[in-house]
>>> print(open('final08.csv').read())   # CSV, C-alpha atoms
chain,number,residue,atom,x,y,z
F,82,MET,CA,-35.8,13.0,-12.8
F,83,ARG,CA,-34.7,13.0,-16.4
F,84,TYR,CA,-31.0,13.8,-17.3
F,85,ASP,CA,-29.7,15.3,-20.5
F,86,ALA,CA,-26.3,14.3,-22.0
F,87,GLY,CA,-24.5,17.1,-20.2
F,88,MET,CA,-25.8,16.1,-16.8
F,89,LEU,CA,-25.0,12.5,-17.4
F,90,ARG,CA,-21.4,13.4,-18.2
F,91,ALA,CA,-21.2,15.5,-15.0
F,92,LEU,CA,-22.5,12.6,-12.9
F,93,ALA,CA,-20.0,10.3,-14.5
F,94,ALA,CA,-17.2,12.7,-13.7
F,95,LEU,CA,-18.3,12.9,-10.1
F,96,SER,CA,-18.2,9.1,-9.8
F,97,LEU,CA,-14.7,9.1,-11.3
F,98,LEU,CA,-13.5,11.7,-8.9
F,99,ALA,CA,-14.9,9.6,-6.0
F,100,VAL,CA,-12.7,6.6,-7.0
F,101,PRO,CA,-9.8,8.1,-9.1
F,102,GLY,CA,-9.4,6.2,-12.4
F,103,CYS,CA,-12.7,4.3,-12.1
F,104,ALA,CA,-16.1,4.5,-13.5
F,105,ALA,CA,-19.3,3.3,-11.8
F,106,SER,CA,-20.1,-0.3,-12.5
F,107,GLY,CA,-23.4,-1.2,-11.0
F,108,GLY,CA,-22.1,-2.7,-7.8
F,109,GLN,CA,-19.8,-5.2,-9.5
F,110,GLY,CA,-16.6,-3.4,-8.4
F,111,PRO,CA,-14.7,-0.6,-10.3
F,112,THR,CA,-14.4,-0.8,-14.0
F,113,LEU,CA,-11.3,1.1,-15.0
F,114,GLU,CA,-11.1,3.3,-18.1
F,115,ARG,CA,-8.2,3.0,-20.4
F,116,VAL,CA,-5.3,5.5,-19.9
F,117,ARG,CA,-3.9,7.3,-22.9
F,118,VAL,CA,-1.5,10.1,-23.5
F,119,ALA,CA,-3.3,13.5,-23.3
F,120,PRO,CA,-3.4,15.9,-26.2
F,121,GLY,CA,-0.2,17.9,-26.1
F,122,GLY,CA,1.9,14.8,-25.1
F,123,LYS,CA,2.8,15.9,-21.6
F,124,SER,CA,0.4,13.9,-19.3
F,125,PHE,CA,-2.3,11.2,-19.3
F,126,VAL,CA,-6.0,11.2,-19.5
F,127,LEU,CA,-8.7,8.6,-19.1
F,128,ASP,CA,-10.6,7.4,-22.1
F,129,PRO,CA,-13.5,8.0,-22.8
F,130,SER,CA,-14.1,10.5,-20.0
F,131,GLY,CA,-11.1,12.7,-20.8
F,132,LEU,CA,-10.4,13.2,-17.1
F,133,PRO,CA,-6.8,13.7,-16.1
F,134,PHE,CA,-4.9,10.7,-14.7
F,135,VAL,CA,-1.9,11.3,-12.5
F,136,PRO,CA,0.0,8.0,-11.6
F,137,TRP,CA,0.5,7.9,-7.9
F,138,GLY,CA,1.5,4.5,-6.7
F,139,PHE,CA,3.8,1.8,-5.5
F,140,ASN,CA,6.4,-0.6,-6.8
F,141,TYR,CA,5.0,-3.8,-5.4
F,142,ASP,CA,8.2,-5.6,-6.2
F,143,HIS,CA,8.8,-7.9,-3.2
F,144,ASP,CA,7.5,-8.6,0.3
F,145,GLU,CA,9.3,-7.6,3.5
F,146,PRO,CA,11.6,-10.7,3.6
F,147,GLY,CA,12.6,-10.0,-0.1
F,148,ARG,CA,10.5,-12.6,-1.9
F,149,LEU,CA,9.4,-11.7,-5.4
F,150,LEU,CA,5.7,-11.8,-6.2
F,151,GLU,CA,6.0,-15.0,-8.2
F,152,ASP,CA,7.5,-16.7,-5.1
F,153,TYR,CA,4.3,-16.5,-3.2
F,154,TRP,CA,1.3,-15.5,-5.3
F,155,GLU,CA,0.2,-19.1,-5.8
F,156,GLN,CA,0.3,-20.2,-2.1
F,157,GLU,CA,-0.5,-16.9,-0.5
F,158,TRP,CA,-3.0,-15.3,-2.8
F,159,PRO,CA,-5.1,-13.9,0.0
F,160,ARG,CA,-2.1,-11.9,1.1
F,161,VAL,CA,-1.8,-10.4,-2.4
F,162,GLU,CA,-5.5,-9.4,-2.3
F,163,GLU,CA,-4.9,-7.8,1.1
F,164,ASP,CA,-1.9,-5.9,-0.1
F,165,PHE,CA,-3.7,-4.5,-3.1
F,166,ARG,CA,-6.5,-3.3,-0.9
F,167,GLU,CA,-4.0,-1.7,1.5
F,168,MET,CA,-2.3,0.1,-1.4
F,169,LYS,CA,-5.6,1.4,-2.6
F,170,ALA,CA,-6.6,2.5,0.9
F,171,LEU,CA,-3.3,4.5,1.1
F,172,GLY,CA,-4.4,6.5,-1.9
F,173,ALA,CA,-2.6,4.7,-4.7
F,174,ASN,CA,-4.1,4.4,-8.2
F,175,LEU,CA,-1.2,2.3,-9.6
F,176,ALA,CA,0.9,-0.7,-8.7
F,177,ARG,CA,4.1,-1.6,-10.6
F,178,ILE,CA,4.5,-5.4,-10.9
F,179,HIS,CA,7.8,-7.1,-11.8
F,180,LEU,CA,7.6,-10.2,-13.9
F,181,GLN,CA,10.5,-12.7,-14.1
F,182,VAL,CA,11.7,-14.4,-17.3
F,183,GLY,CA,12.3,-17.6,-15.4
F,184,ARG,CA,8.7,-17.8,-14.2
F,185,PHE,CA,7.0,-16.9,-17.5
F,186,MET,CA,9.2,-18.9,-19.9
F,187,GLU,CA,9.6,-22.6,-19.6
F,188,GLY,CA,12.0,-22.7,-22.5
F,189,PRO,CA,13.1,-20.4,-25.4
F,190,ASP,CA,9.8,-21.0,-27.2
F,191,ARG,CA,7.4,-22.1,-24.4
F,192,PRO,CA,5.6,-19.5,-22.3
F,193,ASP,CA,4.3,-20.9,-19.0
F,194,GLY,CA,0.5,-21.1,-19.2
F,195,LYS,CA,0.1,-21.4,-15.4
F,196,ALA,CA,2.0,-18.1,-14.8
F,197,LEU,CA,0.0,-16.4,-17.5
F,198,ALA,CA,-3.3,-17.6,-15.9
F,199,ARG,CA,-2.1,-16.2,-12.6
F,200,LEU,CA,-1.3,-12.9,-14.2
F,201,GLY,CA,-4.8,-12.8,-15.6
F,202,LYS,CA,-6.1,-13.3,-12.1
F,203,LEU,CA,-3.9,-10.4,-10.9
F,204,VAL,CA,-5.4,-8.1,-13.6
F,205,ASP,CA,-8.9,-9.2,-12.4
F,206,LEU,CA,-7.9,-8.2,-8.9
F,207,ALA,CA,-6.5,-4.8,-10.0
F,208,ASP,CA,-9.7,-4.1,-11.8
F,209,GLN,CA,-11.8,-5.1,-8.8
F,210,VAL,CA,-9.8,-3.0,-6.4
F,211,GLY,CA,-9.3,0.0,-8.7
F,212,LEU,CA,-5.6,-0.1,-9.2
F,213,TYR,CA,-3.9,0.2,-12.6
F,214,LEU,CA,-0.9,-2.1,-13.3
F,215,ASP,CA,2.5,-1.1,-14.6
F,216,LEU,CA,3.7,-4.5,-15.9
F,217,THR,CA,7.5,-4.5,-15.9
F,218,GLY,CA,8.9,-7.5,-17.7
F,219,LEU,CA,12.0,-9.6,-18.3
F,220,GLY,CA,13.1,-9.5,-14.7
F,221,CYS,CA,16.2,-11.5,-13.6
F,222,TYR,CA,16.4,-10.1,-10.1
F,223,HIS,CA,17.4,-13.3,-8.3
F,224,LYS,CA,20.3,-14.8,-10.2
F,225,LYS,CA,19.6,-18.3,-9.0
F,226,ASP,CA,16.2,-18.2,-10.7
F,227,VAL,CA,17.5,-17.2,-14.1
F,228,PRO,CA,17.4,-20.3,-16.4
F,229,SER,CA,20.8,-21.5,-17.6
F,230,TRP,CA,19.4,-21.9,-21.1
F,231,TYR,CA,18.6,-18.2,-21.1
F,232,ASP,CA,22.0,-17.1,-20.0
F,233,ALA,CA,23.7,-19.3,-22.6
F,234,LEU,CA,22.0,-17.5,-25.5
F,235,ASP,CA,23.7,-15.0,-27.7
F,236,GLU,CA,22.2,-11.6,-28.3
F,237,GLU,CA,19.9,-12.7,-31.2
F,238,GLY,CA,18.7,-15.7,-29.2
F,239,ARG,CA,18.1,-13.6,-26.1
F,240,TRP,CA,16.2,-10.9,-27.9
F,241,GLY,CA,14.1,-13.7,-29.5
F,242,VAL,CA,13.1,-15.0,-26.1
F,243,GLN,CA,12.3,-11.5,-25.0
F,244,VAL,CA,10.0,-11.0,-28.0
F,245,ARG,CA,8.1,-14.2,-27.2
F,246,PHE,CA,7.9,-13.2,-23.5
F,247,TRP,CA,6.2,-9.9,-24.5
F,248,GLU,CA,4.0,-11.6,-27.1
F,249,ALA,CA,2.7,-13.9,-24.4
F,250,ILE,CA,2.1,-11.1,-21.9
F,251,ALA,CA,0.4,-8.8,-24.4
F,252,GLY,CA,-1.7,-11.6,-25.7
F,253,ARG,CA,-2.9,-12.3,-22.2
F,254,CYS,CA,-3.6,-8.7,-21.2
F,255,ALA,CA,-4.8,-7.1,-24.5
F,256,GLY,CA,-8.2,-5.5,-24.0
F,257,ARG,CA,-7.7,-5.0,-20.3
F,258,PRO,CA,-7.8,-1.3,-19.4
F,259,ALA,CA,-6.5,-2.1,-15.9
F,260,VAL,CA,-3.1,-2.6,-17.5
F,261,PHE,CA,-1.7,1.0,-17.6
F,262,CYS,CA,1.4,0.1,-19.4
F,263,TYR,CA,4.0,-2.5,-20.4
F,264,ASP,CA,7.5,-1.6,-19.2
F,265,LEU,CA,9.9,-3.5,-21.5
F,266,MET,CA,12.6,-4.0,-18.8
F,267,ASN,CA,13.8,-2.6,-15.5
F,268,GLU,CA,17.0,-0.5,-16.0
F,269,PRO,CA,18.4,-1.9,-19.3
F,270,VAL,CA,22.0,-1.0,-20.3
F,271,VAL,CA,24.1,-1.2,-23.4
F,272,PRO,CA,27.7,-1.8,-22.4
F,273,GLY,CA,30.3,0.9,-23.2
F,274,GLY,CA,32.5,-1.7,-24.8
F,275,ASP,CA,32.5,-5.5,-25.5
F,276,LYS,CA,31.9,-7.4,-22.3
F,277,LYS,CA,33.9,-10.5,-21.5
F,278,GLY,CA,32.0,-13.7,-20.5
F,279,THR,CA,28.3,-14.2,-20.5
F,280,ASP,CA,27.1,-12.3,-17.5
F,281,TRP,CA,24.0,-10.3,-18.6
F,282,LEU,CA,23.4,-8.8,-15.1
F,283,GLY,CA,24.8,-5.7,-13.4
F,284,PRO,CA,26.1,-5.8,-9.8
F,285,PRO,CA,23.6,-6.8,-7.1
F,286,PHE,CA,22.0,-4.3,-4.8
F,287,ALA,CA,20.5,-5.6,-1.6
F,288,GLY,CA,20.7,-9.1,-3.0
F,289,LYS,CA,18.9,-8.3,-6.3
F,290,HIS,CA,20.1,-7.6,-9.8
F,291,PHE,CA,18.2,-4.6,-11.0
F,292,VAL,CA,20.4,-3.6,-14.0
F,293,GLN,CA,20.5,-5.8,-17.0
F,294,TYR,CA,22.4,-5.7,-20.3
F,295,VAL,CA,20.6,-6.0,-23.6
F,296,SER,CA,23.8,-6.8,-25.4
F,297,LEU,CA,27.3,-8.0,-24.6
F,298,GLU,CA,29.1,-7.0,-27.7
F,299,ARG,CA,28.9,-3.6,-29.3
F,300,LYS,CA,30.4,-4.7,-32.6
F,301,GLY,CA,31.1,-1.1,-33.6
F,302,ARG,CA,27.4,-0.1,-33.2
F,303,PRO,CA,26.7,3.2,-31.4
F,304,ARG,CA,25.1,2.5,-28.0
F,305,PRO,CA,21.9,4.5,-28.6
F,306,ASP,CA,21.4,2.6,-31.9
F,307,VAL,CA,21.5,-0.7,-30.0
F,308,ALA,CA,19.0,0.6,-27.5
F,309,GLY,CA,16.7,1.9,-30.1
F,310,ALA,CA,16.8,-1.3,-32.2
F,311,TRP,CA,16.1,-3.4,-29.1
F,312,ALA,CA,13.1,-1.2,-28.0
F,313,LYS,CA,11.7,-1.2,-31.5
F,314,ARG,CA,11.7,-4.9,-31.8
F,315,LEU,CA,10.0,-5.5,-28.4
F,316,VAL,CA,7.4,-2.8,-29.0
F,317,ALA,CA,6.6,-4.4,-32.4
F,318,ALA,CA,6.1,-7.8,-30.6
F,319,ILE,CA,3.6,-6.2,-28.2
F,320,ARG,CA,1.7,-4.3,-30.9
F,321,ARG,CA,1.1,-7.5,-32.8
F,322,HIS,CA,-1.2,-8.5,-29.9
F,323,ASP,CA,-2.1,-5.3,-28.2
F,324,PRO,CA,-2.3,-2.1,-30.2
F,325,LYS,CA,-3.6,0.2,-27.4
F,326,THR,CA,-1.8,-0.3,-24.1
F,327,LEU,CA,0.9,2.2,-23.4
F,328,VAL,CA,4.6,1.1,-23.6
F,329,THR,CA,7.6,2.5,-21.8
F,330,VAL,CA,11.0,1.3,-20.4
F,331,GLY,CA,12.4,1.9,-16.9
F,332,LEU,CA,15.5,4.0,-17.3
F,333,VAL,CA,18.3,4.6,-14.8
F,334,ASP,CA,18.9,8.3,-14.1
F,335,TRP,CA,22.4,8.0,-15.7
F,336,SER,CA,20.9,7.4,-19.1
F,337,LEU,CA,21.5,11.0,-20.3
F,338,ASP,CA,24.1,11.6,-23.0
F,339,ARG,CA,26.6,13.5,-20.9
F,340,PRO,CA,30.1,12.8,-19.6
F,341,GLY,CA,30.6,10.1,-17.1
F,342,LEU,CA,28.5,7.0,-16.4
F,343,SER,CA,25.8,6.4,-19.1
F,344,SER,CA,23.5,3.5,-19.8
F,345,GLY,CA,23.4,4.0,-23.6
F,346,PHE,CA,19.6,4.4,-23.4
F,347,VAL,CA,19.6,8.1,-24.3
F,348,PRO,CA,16.0,9.4,-23.9
F,349,SER,CA,15.9,11.0,-27.3
F,350,ALA,CA,17.1,7.8,-29.0
F,351,VAL,CA,14.4,5.5,-27.4
F,352,ALA,CA,11.6,8.0,-27.1
F,353,PRO,CA,10.4,7.5,-30.8
F,354,GLU,CA,9.6,3.8,-29.9
F,355,LEU,CA,7.7,4.6,-26.7
F,356,ASP,CA,4.5,6.2,-25.5
F,357,PHE,CA,6.2,7.9,-22.5
F,358,LEU,CA,9.5,8.0,-20.7
F,359,SER,CA,10.1,6.4,-17.3
F,360,VAL,CA,13.0,7.4,-15.1
F,361,HIS,CA,14.2,6.0,-11.8
F,362,LEU,CA,15.3,9.0,-9.7
F,363,TYR,CA,16.3,9.1,-6.0
F,364,PRO,CA,17.2,12.6,-4.8
F,365,LYS,CA,20.1,13.1,-2.5
F,366,GLY,CA,20.2,15.3,0.5
F,367,GLY,CA,21.0,18.9,-0.3
F,368,LYS,CA,21.1,18.1,-4.0
F,369,VAL,CA,17.5,18.5,-5.1
F,370,ASP,CA,18.4,21.0,-7.8
F,371,GLU,CA,20.7,18.4,-9.4
F,372,ALA,CA,18.0,15.8,-9.4
F,373,LEU,CA,15.6,18.2,-11.0
F,374,GLU,CA,18.2,19.1,-13.7
F,375,THR,CA,18.6,15.3,-14.4
F,376,LEU,CA,14.8,15.0,-14.6
F,377,ARG,CA,14.6,17.7,-17.2
F,378,GLY,CA,16.9,15.8,-19.4
F,379,PHE,CA,14.2,13.2,-19.9
F,380,ALA,CA,11.7,15.7,-21.2
F,381,VAL,CA,12.0,15.0,-24.9
F,382,GLY,CA,8.4,15.7,-26.0
F,383,LYS,CA,6.6,12.8,-24.3
F,384,PRO,CA,5.1,12.4,-20.8
F,385,VAL,CA,7.7,11.7,-18.1
F,386,LEU,CA,6.8,9.3,-15.2
F,387,ILE,CA,9.1,9.0,-12.2
F,388,GLU,CA,8.7,5.3,-12.0
F,389,GLU,CA,10.9,4.8,-8.9
F,390,THR,CA,11.6,7.3,-6.2
F,391,PHE,CA,12.0,7.1,-2.4
F,392,THR,CA,13.6,8.8,0.6
F,393,LEU,CA,16.6,6.5,0.1
F,394,GLY,CA,19.3,9.2,0.0
F,395,CYS,CA,17.6,12.2,1.6
F,396,GLY,CA,15.3,13.3,4.4
F,397,LEU,CA,11.6,13.9,4.0
F,398,GLU,CA,11.8,17.7,3.6
F,399,ASP,CA,14.2,17.4,0.7
F,400,PHE,CA,12.1,14.6,-0.8
F,401,ARG,CA,8.9,16.7,-0.4
F,402,SER,CA,10.6,19.6,-2.2
F,403,PHE,CA,11.8,17.3,-5.0
F,404,VAL,CA,8.4,15.8,-5.6
F,405,GLU,CA,6.6,19.2,-5.5
F,406,ARG,CA,9.1,20.9,-7.8
F,407,SER,CA,9.4,17.9,-10.2
F,408,SER,CA,5.8,18.4,-11.1
F,409,GLU,CA,7.0,21.0,-13.6
F,410,THR,CA,8.4,18.1,-15.6
F,411,ALA,CA,6.9,14.8,-14.3
F,412,CYS,CA,3.3,13.8,-14.5
F,413,GLY,CA,3.4,10.9,-12.1
F,414,TRP,CA,5.3,9.3,-9.2
F,415,VAL,CA,5.8,5.7,-8.1
F,416,GLY,CA,7.3,4.8,-4.7
F,417,PHE,CA,7.4,1.5,-2.8
F,418,TYR,CA,5.1,-0.8,-0.8
F,419,TRP,CA,6.3,-4.0,0.8
F,420,GLY,CA,3.2,-5.3,2.5
F,421,LYS,CA,3.2,-3.4,5.8
F,422,THR,CA,0.8,-0.5,6.6
F,423,PRO,CA,2.1,2.6,8.3
F,424,GLU,CA,0.5,1.4,11.5
F,425,GLU,CA,2.3,-1.9,11.3
F,426,CYS,CA,5.5,-0.2,10.5
F,427,ARG,CA,5.2,2.0,13.6
F,428,GLN,CA,5.0,-1.2,15.7
F,429,GLY,CA,8.3,-2.3,14.4
F,430,LYS,CA,11.7,-1.3,15.8
F,431,SER,CA,13.9,-1.3,12.7
F,432,PHE,CA,15.2,1.7,10.8
F,433,GLN,CA,13.5,0.3,7.7
F,434,ASP,CA,10.2,0.3,9.6
F,435,ALA,CA,10.6,3.9,10.7
F,436,LEU,CA,11.6,4.9,7.2
F,437,MET,CA,8.6,3.2,5.6
F,438,ALA,CA,6.2,4.6,8.1
F,439,GLN,CA,7.4,8.1,7.4
F,440,TRP,CA,7.2,7.6,3.7
F,441,LEU,CA,3.7,6.0,3.7
F,442,ASP,CA,2.4,8.9,5.9
F,443,TYR,CA,3.7,11.3,3.3
F,444,PHE,CA,2.2,9.2,0.5
F,445,ARG,CA,-1.3,9.4,1.9
F,446,ALA,CA,-1.4,13.1,1.4
F,447,GLY,CA,-1.6,12.5,-2.3
F,448,PRO,CA,0.3,13.8,-5.4
F,449,PRO,CA,1.4,17.5,-5.7
F,450,PRO,CA,-0.6,19.8,-8.0
F,451,ARG,CA,0.9,20.2,-11.4
F,452,ARG,CA,3.1,23.3,-11.7
F,453,ARG,CA,2.5,23.9,-15.4
>>> encode(input="final08.csv", output="structure tokens")
Amino acid sequence: MRYDAGMLRALAALSLLAVPGCAASGGQGPTLERVRVAPGGKSFVLDPSGLPFVPWGFNYDHDEPGRLLEDYWEQEWPRVEEDFREMKALGANLARIHLQVGRFMEGPDRPDGKALARLGKLVDLADQVGLYLDLTGLGCYHKKDVPSWYDALDEEGRWGVQVRFWEAIAGRCAGRPAVFCYDLMNEPVVPGGDKKGTDWLGPPFAGKHFVQYVSLERKGRPRPDVAGAWAKRLVAAIRRHDPKTLVTVGLVDWSLDRPGLSSGFVPSAVAPELDFLSVHLYPKGGKVDEALETLRGFAVGKPVLIEETFTLGCGLEDFRSFVERSSETACGWVGFYWGKTPEECRQGKSFQDALMAQWLDYFRAGPPPRRR
């Protein structure tokens, strides 16, 4: 049978729907299309097919004992491969990976070639399995692993290292469509005033430091100006090596410019430097409307991804309502996976196992339909 151009496009679309985010590849494993912002600036599409892409995935941030990926990806690579295939089997099309400064920079001017090579292997795996990667950088989650030379730097020196970190990552990953985006940093904050000492990390949560300061001294600068200047500098570093891959930053939900606690990363101030906005939002029981109102504050003319969410502070019914109703604003959702399938979780006896089993069963149903 001979096919005209229209029929070929239809067949290609069917193959993409069979493996979301992938094109047929002649038996060599999936070949992912690049993701770009859709016309209208509210969602994502695949390029060149033009099919919609809805991020629905996991933060693959640590294993069950709490080890970070770089702690075991050399010695236990088969486990990483298994976890990626499990995430894909659960219906994910994206995995968010957290890269540590101390594992990718041997010194202020020396990227670690071995870590970059391992990252390249991870991108290969993602392409083979059919998972896009959200590469979140500059992690300092375990304080003991943060290099002393890094903590001793002033703002200008620290930003310089962060530039070289991202130049190294973008240089390694440029031209790889499996990389959905570069996330500049997890939950950056500009202090409300000048901080005393040299502690660049926020308080720990469950043994990890998720919040990180991008400056210690305001020096009279408005907080949004500091946030915007920092983002602009790091995005420029990435663009010197990779002009196409999307760039975002993972914002705490208290980034809005309103009374009370604020990160200084006001969405409207950093949005001009980014391709889309990412927010970390965990709804609380009985307060779904409040979470949705917060989410709407991040809708400043660019796609909004809920890059972290989970049933941490509410039951499944409230969480289900939040995700379904949030589709009026958000165009993707990223939960958590720590290496145990729902079946394995059900064999456990801990509260965490029960919580994860319930969450993963919900996840397998797939993302909600868009409400707009």
>>> atom_distance(input="final08.csv", atom1="atom CA of F:Ala196", atom2="atom CA of F:Tyr222")
17.1 Å
>>> closest_residue(input="final08.csv", among="F:Pro285, F:Gly122, F:Leu113, F:Gly274", to="F:Val204", atoms="all atoms listed in the file")
F:Leu113
>>> closest_atom_pairs(input="final08.csv", of="stretch 393-420 of chain F", to="stretch 336-359 of chain F", cutoff="12 Å", atoms="all atoms listed in the file", output="CSV")
residue,atom,partner,partner_atom,distance
F:Thr410,CA,F:Leu358,CA,11.4
F:Ala411,CA,F:Ser359,CA,9.5
F:Cys412,CA,F:Phe357,CA,10.4
F:Gly413,CA,F:Ser359,CA,9.6
F:Trp414,CA,F:Ser359,CA,9.9
F:Val415,CA,F:Ser359,CA,10.2
>>> residues_near_point(input="final08.csv", point="(6.2, 5.0, 4.9)", cutoff="9 Å", atoms="all atoms listed in the file", output="ChimeraX atom specification")
/F:417-418,421-423,426,434-444
>>> closest_residue(input="final08.csv", among="F:Val227, F:Val295, F:Ala317, F:Leu327", to="F:Ala255", atoms="all atoms listed in the file")
F:Leu327
>>> atom_distance(input="final08.csv", atom1="atom CA of F:Cys262", atom2="atom CA of F:Ile250")
11.5 Å
>>> atom_distance(input="final08.csv", atom1="atom CA of F:Lys430", atom2="atom CA of F:Gly147")
18.1 Å
>>> residues_around(input="final08.csv", residues="F:Glu248", least_positions_apart="2", cutoff="7 Å", atoms="all atoms listed in the file", output="PDB file with C-alpha atoms, keeping the file's coordinate frame")
ATOM      1  CA  VAL F 244      10.000 -11.000 -28.000  1.00  0.00           C
ATOM      2  CA  ARG F 245       8.100 -14.200 -27.200  1.00  0.00           C
ATOM      3  CA  PHE F 246       7.900 -13.200 -23.500  1.00  0.00           C
ATOM      4  CA  ILE F 250       2.100 -11.100 -21.900  1.00  0.00           C
ATOM      5  CA  ALA F 251       0.400  -8.800 -24.400  1.00  0.00           C
ATOM      6  CA  GLY F 252      -1.700 -11.600 -25.700  1.00  0.00           C
ATOM      7  CA  ALA F 318       6.100  -7.800 -30.600  1.00  0.00           C
ATOM      8  CA  ILE F 319       3.600  -6.200 -28.200  1.00  0.00           C
ATOM      9  CA  HIS F 322      -1.200  -8.500 -29.900  1.00  0.00           C
TER      10      HIS F 322
END
>>> residues_around(input="final08.csv", residues="F:Phe125", least_positions_apart="2", cutoff="12 Å", atoms="all atoms listed in the file", output="count of residues only")
32
>>> residues_around(input="final08.csv", residues="F:Gly447", least_positions_apart="2", cutoff="9 Å", atoms="only C-alpha atoms", output="ChimeraX atom specification")
/F:137,171-173,443-445,449
>>> residues_around(input="final08.csv", residues="F:Asp264", least_positions_apart="2", cutoff="6 Å", atoms="only C-alpha atoms", output="PyMOL selection string")
chain F and resi 216-217+266+328-330
>>> write_last_selection(input="final08.csv", atoms="C-alpha atoms", output="PDB file, keeping the file's coordinate frame")
ATOM      1  CA  LEU F 216       3.700  -4.500 -15.900  1.00  0.00           C
ATOM      2  CA  THR F 217       7.500  -4.500 -15.900  1.00  0.00           C
ATOM      3  CA  MET F 266      12.600  -4.000 -18.800  1.00  0.00           C
ATOM      4  CA  VAL F 328       4.600   1.100 -23.600  1.00  0.00           C
ATOM      5  CA  THR F 329       7.600   2.500 -21.800  1.00  0.00           C
ATOM      6  CA  VAL F 330      11.000   1.300 -20.400  1.00  0.00           C
TER       7      VAL F 330
END
>>> closest_residue(input="final08.csv", among="F:Lys225, F:Arg148, F:Arg302, F:Arg253", to="F:Arg199", atoms="only C-alpha atoms")
F:Arg253
>>> residues_around(input="final08.csv", residues="F:Leu219", least_positions_apart="6", cutoff="7 Å", atoms="all atoms listed in the file", output="mmCIF file with C-alpha atoms, keeping the file's coordinate frame")
data_model
loop_
_atom_site.group_PDB
_atom_site.id
_atom_site.type_symbol
_atom_site.label_atom_id
_atom_site.label_comp_id
_atom_site.auth_asym_id
_atom_site.auth_seq_id
_atom_site.Cartn_x
_atom_site.Cartn_y
_atom_site.Cartn_z
ATOM 1 C CA LEU F 180 7.600 -10.200 -13.900
ATOM 2 C CA GLN F 181 10.500 -12.700 -14.100
ATOM 3 C CA VAL F 182 11.700 -14.400 -17.300
ATOM 4 C CA GLN F 243 12.300 -11.500 -25.000
ATOM 5 C CA MET F 266 12.600 -4.000 -18.800
#
>>> closest_atom_pairs(input="final08.csv", of="stretch 172-247 of chain F", to="stretch 142-146 of chain F", cutoff="8 Å", atoms="only C-alpha atoms", output="tab-separated table")
residue	atom	partner	partner_atom	distance
F:Arg177	CA	F:Asp142	CA	7.2
F:Ile178	CA	F:Asp142	CA	6.0
F:His179	CA	F:Asp142	CA	5.8
>>> closest_residue(input="final08.csv", among="F:Val292, F:Tyr363, F:Val381, F:Glu374", to="F:Gly394", atoms="only C-alpha atoms")
F:Tyr363
>>> closest_residue(input="final08.csv", among="F:Ala310, F:Ala287, F:Cys395, F:Val360", to="F:Glu237", atoms="only C-alpha atoms")
F:Ala310
